[in-house]
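Data block for start_5.pdb (PDB, C-alpha atoms):
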MODEL        1
ATOM      1  CA  MET M1090      -1.416  -5.854 -25.324
ATOM      2  CA  ASN M1091       1.391  -7.599 -23.471
ATOM      3  CA  LEU M1092       0.873  -9.074 -20.059
ATOM      4  CA  TYR M1093       3.514  -9.102 -17.365
ATOM      5  CA  LEU M1094       3.431 -11.594 -14.538
ATOM      6  CA  TYR M1095       4.677 -10.187 -11.247
ATOM      7  CA  ASP M1096       5.617 -13.141  -9.118
ATOM      8  CA  ILE M1097       7.873 -13.048  -6.067
ATOM      9  CA  GLY M1098       7.424 -16.699  -5.163
ATOM     10  CA  ALA M1099       4.776 -18.446  -3.121
ATOM     11  CA  ARG M1100       6.518 -18.241   0.251
ATOM     12  CA  ALA M1101       7.362 -14.546   0.043
ATOM     13  CA  ARG M1102       3.929 -13.813  -1.362
ATOM     14  CA  ALA M1103       2.166 -15.574   1.492
ATOM     15  CA  ALA M1104       4.262 -13.742   4.060
ATOM     16  CA  SER M1105       4.023 -10.295   2.510
ATOM     17  CA  ARG M1106       0.270 -10.419   2.051
ATOM     18  CA  PHE M1107      -0.454 -11.613   5.545
ATOM     19  CA  ILE M1108       1.907  -9.094   7.111
ATOM     20  CA  GLY M1109       0.519  -6.362   4.886
ATOM     21  CA  HIS M1110      -3.013  -7.291   5.842
ATOM     22  CA  VAL M1111      -2.293  -7.105   9.565
ATOM     23  CA  ARG M1112      -0.487  -3.791   9.192
ATOM     24  CA  THR M1113      -3.233  -2.253   7.117
ATOM     25  CA  GLU M1114      -5.896  -3.377   9.588
ATOM     26  CA  LEU M1115      -3.933  -1.766  12.411
ATOM     27  CA  GLN M1116      -3.431   1.422  10.410
ATOM     28  CA  LYS M1117      -7.123   1.615   9.596
ATOM     29  CA  ALA M1118      -8.019   1.160  13.270
ATOM     30  CA  TRP M1119      -5.467   3.766  14.268
ATOM     31  CA  LEU M1120      -6.703   6.317  11.725
ATOM     32  CA  LEU M1121     -10.323   5.751  12.735
ATOM     33  CA  GLU M1122      -9.556   6.146  16.439
ATOM     34  CA  ARG M1123      -7.428   9.199  15.823
ATOM     35  CA  ALA M1124     -10.222  10.823  13.849
ATOM     36  CA  SER M1125     -13.082   9.862  16.133
ATOM     37  CA  ARG M1126     -11.498  10.097  19.583
ATOM     38  CA  ARG M1127      -8.453  12.267  18.941
ATOM     39  CA  ILE M1128      -6.271   9.580  20.478
ATOM     40  CA  THR M1129      -2.558  10.245  19.997
ATOM     41  CA  GLN M1130       0.387   7.988  19.372
ATOM     42  CA  GLN M1131       1.742   9.165  22.724
ATOM     43  CA  GLN M1132      -1.394   7.905  24.458
ATOM     44  CA  VAL M1133      -1.077   4.543  22.736
ATOM     45  CA  ALA M1134       2.608   4.403  23.641
ATOM     46  CA  THR M1135       1.860   5.219  27.275
ATOM     47  CA  MET M1136      -0.770   2.508  27.496
ATOM     48  CA  ILE M1137       1.639  -0.067  26.095
ATOM     49  CA  GLY M1138       4.653   1.245  27.978
ATOM     50  CA  VAL M1139       7.008   2.056  25.113
ATOM     51  CA  HIS M1140       8.428   5.190  23.515
ATOM     52  CA  ARG M1141       6.215   7.018  21.034
ATOM     53  CA  SER M1142       8.754   6.511  18.245
ATOM     54  CA  VAL M1143       8.311   2.755  18.589
ATOM     55  CA  ILE M1144       4.578   3.084  18.121
ATOM     56  CA  ASN M1145       5.039   5.458  15.205
ATOM     57  CA  ARG M1146       7.208   2.970  13.322
ATOM     58  CA  GLU M1147       4.825   0.138  14.069
ATOM     59  CA  LEU M1148       1.696   2.003  13.040
ATOM     60  CA  MET M1149       3.371   3.312   9.900
ATOM     61  CA  GLY M1150       4.177  -0.268   8.963
ATOM     62  CA  TYR M1151       7.942  -0.055   9.121
ATOM     63  CA  SER M1152       8.670  -2.411  11.994
ATOM     64  CA  ASN M1153       8.233  -6.116  12.284
ATOM     65  CA  LEU M1154       5.416  -6.711  14.721
ATOM     66  CA  THR M1155       5.389  -9.487  17.260
ATOM     67  CA  LEU M1156       2.114 -11.199  17.938
ATOM     68  CA  ARG M1157       2.203  -9.674  21.400
ATOM     69  CA  ARG M1158       2.527  -6.182  19.977
ATOM     70  CA  VAL M1159      -0.314  -6.741  17.511
ATOM     71  CA  ALA M1160      -2.501  -7.713  20.450
ATOM     72  CA  GLU M1161      -1.284  -4.777  22.551
ATOM     73  CA  LEU M1162      -1.912  -2.271  19.782
ATOM     74  CA  ALA M1163      -5.388  -3.614  19.116
ATOM     75  CA  TRP M1164      -6.143  -3.457  22.834
ATOM     76  CA  ALA M1165      -4.825   0.069  23.192
ATOM     77  CA  LEU M1166      -6.909   1.212  20.233
ATOM     78  CA  GLY M1167     -10.004  -0.459  21.649
ATOM     79  CA  TRP M1168     -10.328  -3.112  18.998
ATOM     80  CA  GLU M1169     -10.155  -6.852  19.160
ATOM     81  CA  ILE M1170      -8.542  -9.382  16.850
ATOM     82  CA  VAL M1171     -10.304 -12.147  14.989
ATOM     83  CA  PHE M1172      -7.869 -14.788  13.810
ATOM     84  CA  SER M1173      -8.448 -18.076  12.058
ATOM     85  CA  LEU M1174      -6.643 -20.679   9.989
ATOM     86  CA  ARG M1175      -8.173 -22.802   7.335
ATOM     87  CA  LYS M1176      -6.862 -25.472   5.039
ATOM     88  CA  ARG M1177      -5.798 -24.045   1.708
ATOM     89  CA  ASP M1178      -7.957 -25.001  -1.235
ATOM     90  CA  SER M1179      -5.760 -26.972  -3.634
ATOM     91  CA  SER M1180      -7.472 -25.316  -6.590
ATOM     92  CA  GLU M1181      -6.514 -21.879  -5.336
ATOM     93  CA  ILE M1182      -4.450 -19.840  -7.749
ATOM     94  CA  SER M1183      -0.917 -19.505  -6.459
ATOM     95  CA  SER M1184       0.917 -17.491  -9.077
ATOM     96  CA  GLY M1185       1.702 -13.793  -9.171
ATOM     97  CA  PHE M1186       0.004 -10.868 -10.849
ATOM     98  CA  GLN M1187      -0.333 -10.183 -14.504
ATOM     99  CA  ILE M1188      -0.158  -6.575 -15.463
ATOM    100  CA  PRO M1189      -2.368  -5.136 -16.887
ATOM    101  CA  VAL M1190      -4.739  -8.009 -16.319
ATOM    102  CA  SER M1191      -6.160  -8.192 -12.825
ATOM    103  CA  VAL M1192      -6.206 -11.611 -11.271
ATOM    104  CA  GLY M1193      -9.119 -13.255  -9.545
ATOM    105  CA  GLY M1194      -9.026 -15.999  -6.993
ATOM    106  CA  TYR M1195      -6.609 -14.345  -4.606
ATOM    107  CA  ASP M1196      -9.031 -13.006  -2.143
ATOM    108  CA  ARG M1197      -8.972 -16.112   0.005
ATOM    109  CA  PRO M1198      -6.180 -15.727   2.534
ATOM    110  CA  VAL M1199      -4.880 -18.806   4.235
ATOM    111  CA  LEU M1200      -4.586 -16.799   7.384
ATOM    112  CA  LYS M1201      -7.298 -14.341   8.184
ATOM    113  CA  THR M1202      -6.770 -11.669  10.760
ATOM    114  CA  ASN M1203      -9.172  -8.827  11.245
ATOM    115  CA  VAL M1204      -9.246  -6.167  13.864
ATOM    116  CA  ILE M1205     -12.768  -5.387  14.864
ATOM    117  CA  GLN M1206     -14.011  -2.644  17.094
ATOM    118  CA  SER M1207     -14.810  -3.388  20.691
ATOM    119  CA  SER M1208     -17.100  -0.873  22.357
ATOM    120  CA  LYS M1209     -16.118  -2.219  25.763
ATOM    121  CA  ASP M1210     -12.450  -1.524  25.252
ATOM    122  CA  ASN M1211     -13.206   1.857  23.728
ATOM    123  CA  LYS M1212     -14.389   2.951  27.122
ATOM    124  CA  LYS M1213     -11.139   1.811  28.652
ATOM    125  CA  VAL M1214      -9.078   3.794  26.171
ATOM    126  CA  ALA M1215     -11.208   6.857  26.571
ATOM    127  CA  ALA M1216     -10.978   6.756  30.378
TER     128      ALA M1216
ATOM    129  CA  MET F1360     -11.752  -5.019  -8.891
ATOM    130  CA  ARG F1361      -9.042  -2.551  -9.818
ATOM    131  CA  TRP F1362      -6.615  -2.651 -12.715
ATOM    132  CA  ILE F1363      -2.978  -1.718 -13.249
ATOM    133  CA  TYR F1364      -1.599  -0.892 -16.665
ATOM    134  CA  GLY F1365       2.095  -0.300 -17.130
ATOM    135  CA  PHE F1366       4.262   1.647 -19.533
ATOM    136  CA  PRO F1367       6.754  -0.534 -21.436
ATOM    137  CA  ASP F1368       9.626   0.362 -19.092
ATOM    138  CA  PHE F1369       7.678  -0.480 -15.988
ATOM    139  CA  PRO F1370       7.719  -4.322 -16.097
ATOM    140  CA  PRO F1371      11.490  -4.428 -16.724
ATOM    141  CA  TRP F1372      11.952  -2.235 -13.660
ATOM    142  CA  LEU F1373       9.824  -4.661 -11.645
ATOM    143  CA  ALA F1374      11.835  -7.596 -12.928
ATOM    144  CA  ARG F1375      15.382  -6.223 -12.884
ATOM    145  CA  ASP F1376      15.697  -3.296 -10.493
ATOM    146  CA  LEU F1377      13.132  -3.907  -7.794
ATOM    147  CA  PRO F1378      14.482  -7.308  -6.629
ATOM    148  CA  ASN F1379      17.880  -5.709  -5.982
ATOM    149  CA  LEU F1380      16.568  -2.902  -3.801
ATOM    150  CA  LYS F1381      17.006  -3.149  -0.049
ATOM    151  CA  PRO F1382      14.997  -1.460   2.687
ATOM    152  CA  GLY F1383      16.139   2.136   2.854
ATOM    153  CA  ARG F1384      16.277   4.985   5.323
ATOM    154  CA  LEU F1385      13.118   3.905   7.105
ATOM    155  CA  ASN F1386      14.678   0.507   7.757
ATOM    156  CA  ALA F1387      11.437  -1.244   6.871
ATOM    157  CA  ALA F1388      11.133  -4.854   7.928
ATOM    158  CA  ASP F1389      10.029  -6.106   4.523
ATOM    159  CA  PRO F1390      12.042  -6.009   1.281
ATOM    160  CA  PRO F1391      10.748  -3.605  -1.377
ATOM    161  CA  GLN F1392       9.763  -6.473  -3.658
ATOM    162  CA  GLU F1393       7.356  -7.785  -1.025
ATOM    163  CA  GLN F1394       6.083  -4.290  -0.312
ATOM    164  CA  VAL F1395       5.119  -3.942  -3.952
ATOM    165  CA  ASP F1396       3.517  -7.368  -4.053
ATOM    166  CA  ASN F1397       1.365  -6.380  -1.117
ATOM    167  CA  ILE F1398       0.177  -3.093  -2.593
ATOM    168  CA  PHE F1399      -0.530  -4.757  -5.961
ATOM    169  CA  TYR F1400      -2.479  -7.446  -4.150
ATOM    170  CA  ARG F1401      -4.548  -4.929  -2.229
ATOM    171  CA  TRP F1402      -5.130  -2.879  -5.362
ATOM    172  CA  ILE F1403      -6.150  -5.665  -7.709
ATOM    173  CA  THR F1404      -8.276  -7.600  -5.268
ATOM    174  CA  GLY F1405     -10.199  -4.467  -4.347
ATOM    175  CA  LYS F1406      -9.126  -4.308  -0.745
ATOM    176  CA  GLU F1407      -9.214  -1.001   1.045
ATOM    177  CA  ILE F1408      -6.428   1.365   0.063
ATOM    178  CA  ILE F1409      -5.481   3.990   2.620
ATOM    179  CA  TYR F1410      -5.221   7.488   1.208
ATOM    180  CA  SER F1411      -1.823   9.135   1.721
ATOM    181  CA  ARG F1412      -0.304   5.970   3.215
ATOM    182  CA  GLN F1413      -0.735   3.745   0.173
ATOM    183  CA  PHE F1414      -1.945   5.967  -2.643
ATOM    184  CA  GLN F1415      -2.131   9.697  -3.077
ATOM    185  CA  ASP F1416      -2.135  12.515  -5.587
ATOM    186  CA  LEU F1417       0.857  14.754  -6.180
ATOM    187  CA  LEU F1418       0.618  18.512  -5.955
ATOM    188  CA  PRO F1419      -0.693  20.360  -7.799
ATOM    189  CA  MET F1420      -3.727  18.102  -7.757
ATOM    190  CA  ALA F1421      -4.955  19.660 -10.985
ATOM    191  CA  ASP F1422      -2.338  17.644 -12.884
ATOM    192  CA  GLU F1423      -4.025  14.416 -11.738
ATOM    193  CA  VAL F1424      -0.772  12.578 -11.126
ATOM    194  CA  TRP F1425      -0.917   9.846  -8.510
ATOM    195  CA  GLU F1426       1.612   7.730  -6.682
ATOM    196  CA  MET F1427       1.270   4.224  -5.316
ATOM    197  CA  LYS F1428       3.297   4.090  -2.116
ATOM    198  CA  THR F1429       5.113   1.628   0.078
ATOM    199  CA  ALA F1430       7.775   2.298   2.702
ATOM    200  CA  ASP F1431      10.551   2.199   0.108
ATOM    201  CA  ILE F1432       8.874   2.433  -3.284
ATOM    202  CA  ARG F1433       6.953   5.009  -5.247
ATOM    203  CA  ILE F1434       5.080   4.117  -8.431
ATOM    204  CA  PHE F1435       4.050   7.194 -10.392
ATOM    205  CA  GLY F1436       1.221   7.343 -12.865
ATOM    206  CA  TRP F1437      -2.336   8.474 -13.329
ATOM    207  CA  MET F1438      -5.885   7.234 -13.137
ATOM    208  CA  TYR F1439      -7.128   6.530 -16.651
ATOM    209  CA  ARG F1440     -10.588   5.708 -15.399
ATOM    210  CA  PRO F1441     -11.902   5.040 -11.908
ATOM    211  CA  LEU F1442     -10.131   1.939 -10.555
ATOM    212  CA  LYS F1443      -7.701   1.878 -13.528
ATOM    213  CA  PHE F1444      -4.181   3.053 -12.747
ATOM    214  CA  ILE F1445      -1.567   3.526 -15.435
ATOM    215  CA  ALA F1446       1.927   3.119 -13.982
ATOM    216  CA  VAL F1447       4.532   5.162 -15.836
ATOM    217  CA  PHE F1448       7.539   4.295 -13.710
ATOM    218  CA  GLY F1449       8.591   3.043 -10.323
ATOM    219  CA  ASP F1450      11.406   4.345  -8.192
ATOM    220  CA  TYR F1451      13.171   4.079  -4.854
ATOM    221  CA  ALA F1452      11.621   6.402  -2.271
ATOM    222  CA  ASP F1453      14.970   7.292  -0.717
ATOM    223  CA  LEU F1454      15.935   9.059  -3.935
ATOM    224  CA  TYR F1455      13.171  11.572  -3.186
ATOM    225  CA  LYS F1456      13.587  11.883   0.577
ATOM    226  CA  GLY F1457      16.062  13.175   3.099
ATOM    227  CA  SER F1458      19.247  15.125   2.791
ATOM    228  CA  LYS F1459      20.721  12.799   0.175
ATOM    229  CA  LYS F1460      17.829  12.969  -2.250
ATOM    230  CA  THR F1461      18.758  13.187  -5.901
ATOM    231  CA  ARG F1462      15.313  13.331  -7.484
ATOM    232  CA  THR F1463      12.216  15.440  -6.944
ATOM    233  CA  TYR F1464       8.515  14.816  -6.931
ATOM    234  CA  GLU F1465       8.215  17.791  -9.248
ATOM    235  CA  ALA F1466      10.313  16.006 -11.879
ATOM    236  CA  ALA F1467       8.318  12.808 -11.394
ATOM    237  CA  ARG F1468       5.083  14.707 -11.853
ATOM    238  CA  ARG F1469       6.380  16.393 -15.001
ATOM    239  CA  ARG F1470       7.508  13.049 -16.413
ATOM    240  CA  VAL F1471       4.084  11.494 -15.897
ATOM    241  CA  VAL F1472       2.347  14.467 -17.485
ATOM    242  CA  ALA F1473       4.746  14.396 -20.450
ATOM    243  CA  GLU F1474       4.302  10.665 -21.000
ATOM    244  CA  ARG F1475       0.542  11.041 -20.740
ATOM    245  CA  ASP F1476       0.561  13.864 -23.262
ATOM    246  CA  ARG F1477       2.584  11.754 -25.698
ATOM    247  CA  LEU F1478       0.417   8.661 -25.369
ATOM    248  CA  ASN F1479      -2.236   8.161 -27.996
ATOM    249  CA  LEU F1480      -5.254   7.392 -25.846
ATOM    250  CA  ASP F1481      -8.955   7.783 -26.390
ATOM    251  CA  ALA F1482     -10.221  10.928 -24.726
ATOM    252  CA  PRO F1483     -10.489  11.657 -21.957
ATOM    253  CA  LYS F1484      -6.948  10.578 -21.226
ATOM    254  CA  LEU F1485      -7.455  10.748 -17.528
ATOM    255  CA  ALA F1486     -10.105  10.490 -14.895
ATOM    256  CA  THR F1487     -10.586  13.366 -12.523
ATOM    257  CA  GLY F1488     -12.058  13.187  -9.084
ATOM    258  CA  THR F1489     -11.358  12.603  -5.455
ATOM    259  CA  PHE F1490      -9.612   9.600  -4.025
ATOM    260  CA  ASP F1491     -12.952   8.118  -3.006
ATOM    261  CA  GLU F1492     -14.353   8.623  -6.496
ATOM    262  CA  LEU F1493     -11.365   7.123  -8.268
ATOM    263  CA  VAL F1494      -9.978   4.475  -5.955
ATOM    264  CA  SER F1495     -12.485   3.401  -3.345
ATOM    265  CA  ILE F1496     -14.721   0.432  -4.014
TER     266      ILE F1496
ENDMDL
END
Show me, as structure tokens, the structure contained in the file I just sent.
Amino acid sequence: MNLYLYDIGARARAASRFIGHVRTELQKAWLLERASRRITQQQVATMIGVHRSVINRELMGYSNLTLRRVAELAWALGWEIVFSLRKRDSSEISSGFQIPVSVGGYDRPVLKTNVIQSSKDNKKVAA
Amino acid sequence: MRWIYGFPDFPPWLARDLPNLKPGRLNAADPPQEQVDNIFYRWITGKEIIYSRQFQDLLPMADEVWEMKTADIRIFGWMYRPLKFIAVFGDYADLYKGSKKTRTYEAARRRVVAERDRLNLDAPKLATGTFDELVSI
């Protein structure tokens, strides 16, 4: 069995995974709120003060998000952001993926951003 | 932990074609190469995969053909076992979307089924089940 290493370079990898993580967290929050509270993209857009198409592109993961917009989206959805930095472990694996072999040691992001639910803000959104 | 296996033509596509692709009709902020890195990362490290946004089955579902999705890329294949995806080929999403599309999901599905039929694999050749049964951890 041959292995293929998929490697886009350390800088691009760090950026893409962090951005992808933030986007996926926002999408998960959006899908959960849509399912549980029937909130619409229009409602989110109105709360933030932008056109619905802007929110659609951002929630679908097509647009570059500013830090301000990440915070605004989390607020509008009734979630809050947990963000931290830590020093990278020098022993951490920094290469790409081998296909078909899965690679361990990646699951330690340098930047960690999670969106967690805030019951207090949920009430605001629902009002 | 999830796994990705690739057909012989798949790694050359990753190495030669993918780096030259630009964001397409959706004008995504990230280049396709980074989009793929991110979905591979989420897949292999066992992070949550969002059904329909990042991974979904093609119709008819009975054929058990799945696609890994990013804004600009589709990777077609099937689930050999739960958490084990076999990638047959990757392609540019714009070729399947919009008024200028030149390829169809139907043809992609048929190609995966044909390649699967030709491949000498221990039975069963594919895993059946729902997204949660096959992909969720």
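Note that the spacing between CA of Phe1369 (chain F) and CA of Asn1091 (chain M) amounts to 12.1 Å.
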Given the file above and the PyMOL selection byres ((chain F and resi 1477-1485) around 10), which residues are selected, and can you give them as a PyMOL selection string? chain F and resi 1366+1422-1424+1437-1441+1443-1445+1471-1476+1486-1488
Pairwise distance for CA of Pro1391 (chain F) and CA of Ile1137 (chain M), rounded to one decimal in Å: 29.2 Å
Using CA of Ala1388 (chain F) and CA of Tyr1151 (chain M) as the two end points, give the distance in Å to one decimal.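 So the answer is 5.9 Å.
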Go ahead and find all residues with at least one atom no further than 12 Å from (8.3, 13.1, -5.5) in the file's coordinates, using only C-alpha atoms; report them as a ChimeraX atom specification. /F:1415-1419,1424-1428,1432-1436,1449-1457,1460-1471
Around all of region 1406-1423 of chain F's listed atoms, make the axis-aligned box with 4 Å on each side and tell me centre and edge lengths in Å to one decimal, as AutoDock Vina command-line options.
--center_x -4.2 --center_y 8.0 --center_z -4.8 --size_x 18.1 --size_y 32.7 --size_z 24.1
Name the residues that the ChimeraX specification (/M :<12) & /F pulls out of this structure, and write them as a compact mmCIF listing (two decimals) with C-alpha atoms, in the frame of the given file.
# COMPACT_ATOMS: atom_id res chain seq x y z
CA MET F 1360 -11.75 -5.02 -8.89
CA ARG F 1361 -9.04 -2.55 -9.82
CA TRP F 1362 -6.62 -2.65 -12.72
CA ILE F 1363 -2.98 -1.72 -13.25
CA TYR F 1364 -1.60 -0.89 -16.66
CA GLY F 1365 2.10 -0.30 -17.13
CA PHE F 1366 4.26 1.65 -19.53
CA PRO F 1367 6.75 -0.53 -21.44
CA ASP F 1368 9.63 0.36 -19.09
CA PHE F 1369 7.68 -0.48 -15.99
CA PRO F 1370 7.72 -4.32 -16.10
CA PRO F 1371 11.49 -4.43 -16.72
CA TRP F 1372 11.95 -2.24 -13.66
CA LEU F 1373 9.82 -4.66 -11.64
CA ALA F 1374 11.84 -7.60 -12.93
CA ARG F 1375 15.38 -6.22 -12.88
CA LEU F 1377 13.13 -3.91 -7.79
CA PRO F 1378 14.48 -7.31 -6.63
CA PRO F 1382 15.00 -1.46 2.69
CA GLY F 1383 16.14 2.14 2.85
CA ARG F 1384 16.28 4.99 5.32
CA LEU F 1385 13.12 3.90 7.10
CA ASN F 1386 14.68 0.51 7.76
CA ALA F 1387 11.44 -1.24 6.87
CA ALA F 1388 11.13 -4.85 7.93
CA ASP F 1389 10.03 -6.11 4.52
CA PRO F 1390 12.04 -6.01 1.28
CA PRO F 1391 10.75 -3.60 -1.38
CA GLN F 1392 9.76 -6.47 -3.66
CA GLU F 1393 7.36 -7.78 -1.02
CA GLN F 1394 6.08 -4.29 -0.31
CA VAL F 1395 5.12 -3.94 -3.95
CA ASP F 1396 3.52 -7.37 -4.05
CA ASN F 1397 1.36 -6.38 -1.12
CA ILE F 1398 0.18 -3.09 -2.59
CA PHE F 1399 -0.53 -4.76 -5.96
CA TYR F 1400 -2.48 -7.45 -4.15
CA ARG F 1401 -4.55 -4.93 -2.23
CA TRP F 1402 -5.13 -2.88 -5.36
CA ILE F 1403 -6.15 -5.66 -7.71
CA THR F 1404 -8.28 -7.60 -5.27
CA GLY F 1405 -10.20 -4.47 -4.35
CA LYS F 1406 -9.13 -4.31 -0.74
CA GLU F 1407 -9.21 -1.00 1.04
CA ILE F 1408 -6.43 1.36 0.06
CA ILE F 1409 -5.48 3.99 2.62
CA TYR F 1410 -5.22 7.49 1.21
CA SER F 1411 -1.82 9.14 1.72
CA ARG F 1412 -0.30 5.97 3.22
CA GLN F 1413 -0.74 3.74 0.17
CA LYS F 1428 3.30 4.09 -2.12
CA THR F 1429 5.11 1.63 0.08
CA ALA F 1430 7.78 2.30 2.70
CA ASP F 1431 10.55 2.20 0.11
CA LEU F 1442 -10.13 1.94 -10.56
CA LYS F 1443 -7.70 1.88 -13.53
CA PHE F 1444 -4.18 3.05 -12.75
CA ILE F 1445 -1.57 3.53 -15.44
CA ALA F 1446 1.93 3.12 -13.98
Picked residues, the PyMOL selection byres ((chain M and resi 1118) around 9), expected as a PyMOL selection string: chain M and resi 1113-1117+1119-1123+1163+1166-1168+1204-1206
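Among the candidates M:Arg1112, M:Thr1155, M:Phe1172, M:Trp1164, the one nearest to Val1133 (chain M) when counting only C-alpha atoms is M:Trp1164.
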